[in-house]
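What follows is coords22.pdb (PDB, N, CA and C atoms).
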ATOM      1  N   MET A   1       0.824  -1.200   0.000  1.00  0.00           N
ATOM      2  CA  MET A   1       0.000   0.000   0.000  1.00  0.00           C
ATOM      3  C   MET A   1       0.861   1.254   0.000  1.00  0.00           C
ATOM      4  N   ALA A   2       1.945   1.250   0.759  1.00  0.00           N
ATOM      5  CA  ALA A   2       2.817   2.420   0.823  1.00  0.00           C
ATOM      6  C   ALA A   2       3.470   2.687  -0.537  1.00  0.00           C
ATOM      7  N   GLY A   3       3.808   1.620  -1.248  1.00  0.00           N
ATOM      8  CA  GLY A   3       4.406   1.783  -2.569  1.00  0.00           C
ATOM      9  C   GLY A   3       3.465   2.459  -3.547  1.00  0.00           C
ATOM     10  N   LYS A   4       2.196   2.094  -3.457  1.00  0.00           N
ATOM     11  CA  LYS A   4       1.213   2.706  -4.348  1.00  0.00           C
ATOM     12  C   LYS A   4       1.005   4.179  -4.000  1.00  0.00           C
ATOM     13  N   LEU A   5       1.079   4.508  -2.717  1.00  0.00           N
ATOM     14  CA  LEU A   5       0.956   5.915  -2.312  1.00  0.00           C
ATOM     15  C   LEU A   5       2.143   6.740  -2.807  1.00  0.00           C
ATOM     16  N   ILE A   6       3.318   6.139  -2.798  1.00  0.00           N
ATOM     17  CA  ILE A   6       4.494   6.838  -3.312  1.00  0.00           C
ATOM     18  C   ILE A   6       4.347   7.094  -4.803  1.00  0.00           C
ATOM     19  N   ILE A   7       3.831   6.118  -5.533  1.00  0.00           N
ATOM     20  CA  ILE A   7       3.626   6.281  -6.976  1.00  0.00           C
ATOM     21  C   ILE A   7       2.615   7.388  -7.248  1.00  0.00           C
ATOM     22  N   VAL A   8       1.529   7.409  -6.495  1.00  0.00           N
ATOM     23  CA  VAL A   8       0.521   8.455  -6.666  1.00  0.00           C
ATOM     24  C   VAL A   8       1.104   9.818  -6.320  1.00  0.00           C
ATOM     25  N   ALA A   9       1.930   9.883  -5.281  1.00  0.00           N
ATOM     26  CA  ALA A   9       2.574  11.150  -4.915  1.00  0.00           C
ATOM     27  C   ALA A   9       3.490  11.634  -6.036  1.00  0.00           C
ATOM     28  N   PHE A  10       4.241  10.717  -6.639  1.00  0.00           N
ATOM     29  CA  PHE A  10       5.082  11.071  -7.782  1.00  0.00           C
ATOM     30  C   PHE A  10       4.221  11.658  -8.899  1.00  0.00           C
ATOM     31  N   LEU A  11       3.094  11.013  -9.202  1.00  0.00           N
ATOM     32  CA  LEU A  11       2.232  11.491 -10.287  1.00  0.00           C
ATOM     33  C   LEU A  11       1.670  12.868  -9.998  1.00  0.00           C
ATOM     34  N   VAL A  12       1.313  13.127  -8.739  1.00  0.00           N
ATOM     35  CA  VAL A  12       0.794  14.448  -8.371  1.00  0.00           C
ATOM     36  C   VAL A  12       1.869  15.511  -8.564  1.00  0.00           C
ATOM     37  N   VAL A  13       3.088  15.225  -8.136  1.00  0.00           N
ATOM     38  CA  VAL A  13       4.174  16.197  -8.291  1.00  0.00           C
ATOM     39  C   VAL A  13       4.514  16.403  -9.762  1.00  0.00           C
ATOM     40  N   ILE A  14       4.448  15.340 -10.560  1.00  0.00           N
ATOM     41  CA  ILE A  14       4.695  15.463 -11.999  1.00  0.00           C
ATOM     42  C   ILE A  14       3.642  16.362 -12.637  1.00  0.00           C
ATOM     43  N   LEU A  15       2.379  16.162 -12.288  1.00  0.00           N
ATOM     44  CA  LEU A  15       1.319  17.013 -12.837  1.00  0.00           C
ATOM     45  C   LEU A  15       1.462  18.458 -12.372  1.00  0.00           C
ATOM     46  N   TYR A  16       1.880  18.660 -11.123  1.00  0.00           N
ATOM     47  CA  TYR A  16       2.112  20.016 -10.627  1.00  0.00           C
ATOM     48  C   TYR A  16       3.189  20.714 -11.453  1.00  0.00           C
ATOM     49  N   ASN A  17       4.304  20.020 -11.721  1.00  0.00           N
ATOM     50  CA  ASN A  17       5.381  20.618 -12.500  1.00  0.00           C
ATOM     51  C   ASN A  17       4.954  20.884 -13.936  1.00  0.00           C
ATOM     52  N   LEU A  18       4.106  20.032 -14.484  1.00  0.00           N
ATOM     53  CA  LEU A  18       3.583  20.274 -15.828  1.00  0.00           C
ATOM     54  C   LEU A  18       2.728  21.532 -15.845  1.00  0.00           C
ATOM     55  N   GLY A  19       1.865  21.684 -14.841  1.00  0.00           N
ATOM     56  CA  GLY A  19       1.051  22.893 -14.742  1.00  0.00           C
ATOM     57  C   GLY A  19       1.884  24.129 -14.491  1.00  0.00           C
ATOM     58  N   ALA A  20       2.923  23.996 -13.663  1.00  0.00           N
ATOM     59  CA  ALA A  20       3.802  25.135 -13.401  1.00  0.00           C
ATOM     60  C   ALA A  20       4.515  25.557 -14.676  1.00  0.00           C
ATOM     61  N   GLY A  21       4.941  24.597 -15.481  1.00  0.00           N
ATOM     62  CA  GLY A  21       5.585  24.925 -16.753  1.00  0.00           C
ATOM     63  C   GLY A  21       4.643  25.679 -17.679  1.00  0.00           C
ATOM     64  N   LEU A  22       3.391  25.248 -17.730  1.00  0.00           N
ATOM     65  CA  LEU A  22       2.402  25.955 -18.551  1.00  0.00           C
ATOM     66  C   LEU A  22       2.167  27.365 -18.030  1.00  0.00           C
ATOM     67  N   TYR A  23       2.035  27.488 -16.716  1.00  0.00           N
ATOM     68  CA  TYR A  23       1.810  28.803 -16.110  1.00  0.00           C
ATOM     69  C   TYR A  23       2.986  29.744 -16.386  1.00  0.00           C
ATOM     70  N   TYR A  24       4.207  29.262 -16.166  1.00  0.00           N
ATOM     71  CA  TYR A  24       5.384  30.106 -16.393  1.00  0.00           C
ATOM     72  C   TYR A  24       5.524  30.476 -17.866  1.00  0.00           C
ATOM     73  N   MET A  25       5.137  29.571 -18.751  1.00  0.00           N
ATOM     74  CA  MET A  25       5.218  29.866 -20.177  1.00  0.00           C
ATOM     75  C   MET A  25       4.262  31.000 -20.548  1.00  0.00           C
ATOM     76  N   MET A  26       3.086  31.004 -19.956  1.00  0.00           N
ATOM     77  CA  MET A  26       2.106  32.045 -20.254  1.00  0.00           C
ATOM     78  C   MET A  26       2.452  33.370 -19.590  1.00  0.00           C
ATOM     79  N   VAL A  27       2.972  33.341 -18.375  1.00  0.00           N
ATOM     80  CA  VAL A  27       3.210  34.568 -17.614  1.00  0.00           C
ATOM     81  C   VAL A  27       4.530  35.225 -17.997  1.00  0.00           C
ATOM     82  N   ASP A  28       5.590  34.449 -18.128  1.00  0.00           N
ATOM     83  CA  ASP A  28       6.923  35.019 -18.330  1.00  0.00           C
ATOM     84  C   ASP A  28       7.182  35.480 -19.761  1.00  0.00           C
ATOM     85  N   LYS A  29       6.479  34.944 -20.724  1.00  0.00           N
ATOM     86  CA  LYS A  29       6.642  35.305 -22.143  1.00  0.00           C
ATOM     87  C   LYS A  29       8.081  35.133 -22.629  1.00  0.00           C
ATOM     88  N   GLY A  30       8.778  34.132 -22.089  1.00  0.00           N
ATOM     89  CA  GLY A  30      10.128  33.829 -22.555  1.00  0.00           C
ATOM     90  C   GLY A  30      11.220  34.678 -21.949  1.00  0.00           C
ATOM     91  N   THR A  31      10.921  35.434 -20.909  1.00  0.00           N
ATOM     92  CA  THR A  31      11.948  36.294 -20.317  1.00  0.00           C
ATOM     93  C   THR A  31      12.782  35.582 -19.259  1.00  0.00           C
ATOM     94  N   THR A  32      12.278  34.489 -18.695  1.00  0.00           N
ATOM     95  CA  THR A  32      13.038  33.732 -17.703  1.00  0.00           C
ATOM     96  C   THR A  32      13.123  32.280 -18.139  1.00  0.00           C
ATOM     97  N   ASN A  33      13.868  31.502 -17.367  1.00  0.00           N
ATOM     98  CA  ASN A  33      13.999  30.087 -17.700  1.00  0.00           C
ATOM     99  C   ASN A  33      13.235  29.206 -16.710  1.00  0.00           C
ATOM    100  N   ARG A  34      12.227  29.739 -16.056  1.00  0.00           N
ATOM    101  CA  ARG A  34      11.439  28.954 -15.103  1.00  0.00           C
ATOM    102  C   ARG A  34      10.668  27.834 -15.802  1.00  0.00           C
ATOM    103  N   THR A  35      10.228  28.071 -17.029  1.00  0.00           N
ATOM    104  CA  THR A  35       9.517  27.029 -17.781  1.00  0.00           C
ATOM    105  C   THR A  35      10.424  25.828 -18.021  1.00  0.00           C
ATOM    106  N   VAL A  36      11.648  26.097 -18.441  1.00  0.00           N
ATOM    107  CA  VAL A  36      12.599  25.028 -18.718  1.00  0.00           C
ATOM    108  C   VAL A  36      12.903  24.238 -17.445  1.00  0.00           C
ATOM    109  N   LYS A  37      13.068  24.945 -16.332  1.00  0.00           N
ATOM    110  CA  LYS A  37      13.360  24.265 -15.069  1.00  0.00           C
ATOM    111  C   LYS A  37      12.188  23.390 -14.627  1.00  0.00           C
ATOM    112  N   ALA A  38      10.953  23.888 -14.764  1.00  0.00           N
ATOM    113  CA  ALA A  38       9.784  23.103 -14.363  1.00  0.00           C
ATOM    114  C   ALA A  38       9.640  21.859 -15.229  1.00  0.00           C
ATOM    115  N   LEU A  39       9.844  22.001 -16.532  1.00  0.00           N
ATOM    116  CA  LEU A  39       9.709  20.848 -17.416  1.00  0.00           C
ATOM    117  C   LEU A  39      10.867  19.871 -17.254  1.00  0.00           C
ATOM    118  N   THR A  40      12.054  20.379 -16.913  1.00  0.00           N
ATOM    119  CA  THR A  40      13.191  19.501 -16.633  1.00  0.00           C
ATOM    120  C   THR A  40      12.930  18.681 -15.380  1.00  0.00           C
ATOM    121  N   ARG A  41      12.362  19.321 -14.349  1.00  0.00           N
ATOM    122  CA  ARG A  41      12.005  18.582 -13.136  1.00  0.00           C
ATOM    123  C   ARG A  41      10.955  17.520 -13.442  1.00  0.00           C
ATOM    124  N   ARG A  42      10.000  17.849 -14.306  1.00  0.00           N
ATOM    125  CA  ARG A  42       8.961  16.889 -14.665  1.00  0.00           C
ATOM    126  C   ARG A  42       9.566  15.674 -15.363  1.00  0.00           C
ATOM    127  N   ILE A  43      10.475  15.897 -16.274  1.00  0.00           N
ATOM    128  CA  ILE A  43      11.113  14.789 -16.983  1.00  0.00           C
ATOM    129  C   ILE A  43      11.937  13.941 -16.023  1.00  0.00           C
ATOM    130  N   ALA A  44      12.679  14.600 -15.133  1.00  0.00           N
ATOM    131  CA  ALA A  44      13.496  13.863 -14.162  1.00  0.00           C
ATOM    132  C   ALA A  44      12.608  13.024 -13.235  1.00  0.00           C
ATOM    133  N   LEU A  45      11.501  13.590 -12.787  1.00  0.00           N
ATOM    134  CA  LEU A  45      10.580  12.838 -11.931  1.00  0.00           C
ATOM    135  C   LEU A  45       9.948  11.676 -12.682  1.00  0.00           C
ATOM    136  N   SER A  46       9.629  11.879 -13.952  1.00  0.00           N
ATOM    137  CA  SER A  46       9.040  10.802 -14.750  1.00  0.00           C
ATOM    138  C   SER A  46      10.022   9.648 -14.918  1.00  0.00           C
ATOM    139  N   VAL A  47      11.263   9.970 -15.211  1.00  0.00           N
ATOM    140  CA  VAL A  47      12.284   8.922 -15.350  1.00  0.00           C
ATOM    141  C   VAL A  47      12.490   8.228 -14.007  1.00  0.00           C
ATOM    142  N   GLY A  48      12.529   9.007 -12.928  1.00  0.00           N
ATOM    143  CA  GLY A  48      12.665   8.419 -11.601  1.00  0.00           C
ATOM    144  C   GLY A  48      11.510   7.498 -11.248  1.00  0.00           C
ATOM    145  N   LEU A  49      10.307   7.894 -11.623  1.00  0.00           N
ATOM    146  CA  LEU A  49       9.131   7.056 -11.362  1.00  0.00           C
ATOM    147  C   LEU A  49       9.199   5.743 -12.137  1.00  0.00           C
ATOM    148  N   ILE A  50       9.591   5.814 -13.389  1.00  0.00           N
ATOM    149  CA  ILE A  50       9.715   4.604 -14.197  1.00  0.00           C
ATOM    150  C   ILE A  50      10.756   3.663 -13.590  1.00  0.00           C
ATOM    151  N   LEU A  51      11.893   4.227 -13.177  1.00  0.00           N
ATOM    152  CA  LEU A  51      12.931   3.400 -12.557  1.00  0.00           C
ATOM    153  C   LEU A  51      12.459   2.813 -11.232  1.00  0.00           C
ATOM    154  N   LEU A  52      11.714   3.604 -10.457  1.00  0.00           N
ATOM    155  CA  LEU A  52      11.182   3.115  -9.183  1.00  0.00           C
ATOM    156  C   LEU A  52      10.209   1.962  -9.392  1.00  0.00           C
ATOM    157  N   VAL A  53       9.346   2.082 -10.377  1.00  0.00           N
ATOM    158  CA  VAL A  53       8.387   1.008 -10.671  1.00  0.00           C
ATOM    159  C   VAL A  53       9.122  -0.245 -11.142  1.00  0.00           C
ATOM    160  N   MET A  54      10.107  -0.065 -12.017  1.00  0.00           N
ATOM    161  CA  MET A  54      10.871  -1.220 -12.487  1.00  0.00           C
ATOM    162  C   MET A  54      11.601  -1.904 -11.335  1.00  0.00           C
ATOM    163  N   PHE A  55      12.206  -1.126 -10.457  1.00  0.00           N
ATOM    164  CA  PHE A  55      12.916  -1.684  -9.305  1.00  0.00           C
ATOM    165  C   PHE A  55      11.945  -2.380  -8.356  1.00  0.00           C
ATOM    166  N   SER A  56      10.775  -1.786  -8.141  1.00  0.00           N
ATOM    167  CA  SER A  56       9.778  -2.380  -7.246  1.00  0.00           C
ATOM    168  C   SER A  56       9.261  -3.707  -7.791  1.00  0.00           C
ATOM    169  N   ILE A  57       9.076  -3.795  -9.093  1.00  0.00           N
ATOM    170  CA  ILE A  57       8.653  -5.062  -9.703  1.00  0.00           C
ATOM    171  C   ILE A  57       9.761  -6.094  -9.557  1.00  0.00           C
ATOM    172  N   TRP A  58      10.999  -5.679  -9.788  1.00  0.00           N
ATOM    173  CA  TRP A  58      12.138  -6.588  -9.694  1.00  0.00           C
ATOM    174  C   TRP A  58      12.306  -7.119  -8.270  1.00  0.00           C
ATOM    175  N   MET A  59      12.088  -6.243  -7.264  1.00  0.00           N
ATOM    176  CA  MET A  59      12.221  -6.649  -5.867  1.00  0.00           C
ATOM    177  C   MET A  59      11.002  -7.435  -5.370  1.00  0.00           C
ATOM    178  N   GLY A  60       9.911  -7.386  -6.111  1.00  0.00           N
ATOM    179  CA  GLY A  60       8.711  -8.111  -5.724  1.00  0.00           C
ATOM    180  C   GLY A  60       7.798  -7.326  -4.792  1.00  0.00           C
ATOM    181  N   TRP A  61       8.065  -6.030  -4.630  1.00  0.00           N
ATOM    182  CA  TRP A  61       7.226  -5.193  -3.762  1.00  0.00           C
ATOM    183  C   TRP A  61       5.866  -4.942  -4.381  1.00  0.00           C
ATOM    184  N   ILE A  62       5.838  -4.815  -5.707  1.00  0.00           N
ATOM    185  CA  ILE A  62       4.567  -4.691  -6.429  1.00  0.00           C
ATOM    186  C   ILE A  62       4.581  -5.735  -7.531  1.00  0.00           C
ATOM    187  N   THR A  63       3.399  -6.146  -7.952  1.00  0.00           N
ATOM    188  CA  THR A  63       3.319  -7.141  -9.028  1.00  0.00           C
ATOM    189  C   THR A  63       2.441  -6.591 -10.133  1.00  0.00           C
ATOM    190  N   PRO A  64       2.878  -6.717 -11.372  1.00  0.00           N
ATOM    191  CA  PRO A  64       2.028  -6.284 -12.471  1.00  0.00           C
ATOM    192  C   PRO A  64       0.862  -7.246 -12.626  1.00  0.00           C
ATOM    193  N   HIS A  65      -0.232  -6.748 -13.162  1.00  0.00           N
ATOM    194  CA  HIS A  65      -1.394  -7.607 -13.340  1.00  0.00           C
ATOM    195  C   HIS A  65      -1.167  -8.535 -14.528  1.00  0.00           C
ATOM    196  N   ASP A  66      -1.875  -9.636 -14.538  1.00  0.00           N
ATOM    197  CA  ASP A  66      -1.728 -10.639 -15.587  1.00  0.00           C
ATOM    198  C   ASP A  66      -2.893 -10.541 -16.557  1.00  0.00           C
ATOM    199  N   LEU A  67      -2.695  -9.810 -17.639  1.00  0.00           N
ATOM    200  CA  LEU A  67      -3.767  -9.659 -18.629  1.00  0.00           C
ATOM    201  C   LEU A  67      -3.877 -10.899 -19.509  1.00  0.00           C
ATOM    202  N   GLY A  68      -2.764 -11.540 -19.813  1.00  0.00           N
ATOM    203  CA  GLY A  68      -2.770 -12.649 -20.760  1.00  0.00           C
ATOM    204  C   GLY A  68      -3.135 -13.990 -20.134  1.00  0.00           C
ATOM    205  N   ARG A  69      -3.324 -14.071 -18.844  1.00  0.00           N
ATOM    206  CA  ARG A  69      -3.568 -15.374 -18.205  1.00  0.00           C
ATOM    207  C   ARG A  69      -5.003 -15.618 -17.943  1.00  0.00           C
TER     208      ARG A  69
END
Serialized structure, structure tokens:
Amino acid sequence: MAGKLIIVAFLVVILYNLGAGLYYMMVDKGTTNRTVKALTRRIALSVGLILLVMFSIWMGWITPHDLGR
């Protein structure tokens, strides 16, 4: 259960950074680099989440569902 909460927390933070990037893009009009930083954080969090899920499956903490069985 804790692993699933961590995954959901990652997704919430990723969506927040995506929204922040959109907001900074509209407000700053290209005068600062806050948009780039927000989107870079989003990409880093997304890669981290993918690695965390892969590691959790490998360790057996979470199990993928069996669609083909």
Exactly which residues make up the result of the PyMOL selection byres (((chain A and resi 8-16 and name CA) around 12) and name CA) on this file, given as a ChimeraX atom specification?
/A:1-7,17-23,38-53
Using atom CA of A:Tyr24 and atom CA of A:Val36 as the two end points, give the distance in Å to one decimal.
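Separating atom CA of A:Tyr24 from atom CA of A:Val36 is a distance of 9.1 Å.
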I'd like to know which residues of chain A are helix (DSSP H, G or I) (by DSSP, run on the backbone); could you write them as a VMD selection string?
chain A and resid 2 to 28 34 to 59
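Rounded to one decimal, atom C of A:Lys37 and atom C of A:Met25 lie 12.5 Å from each other.
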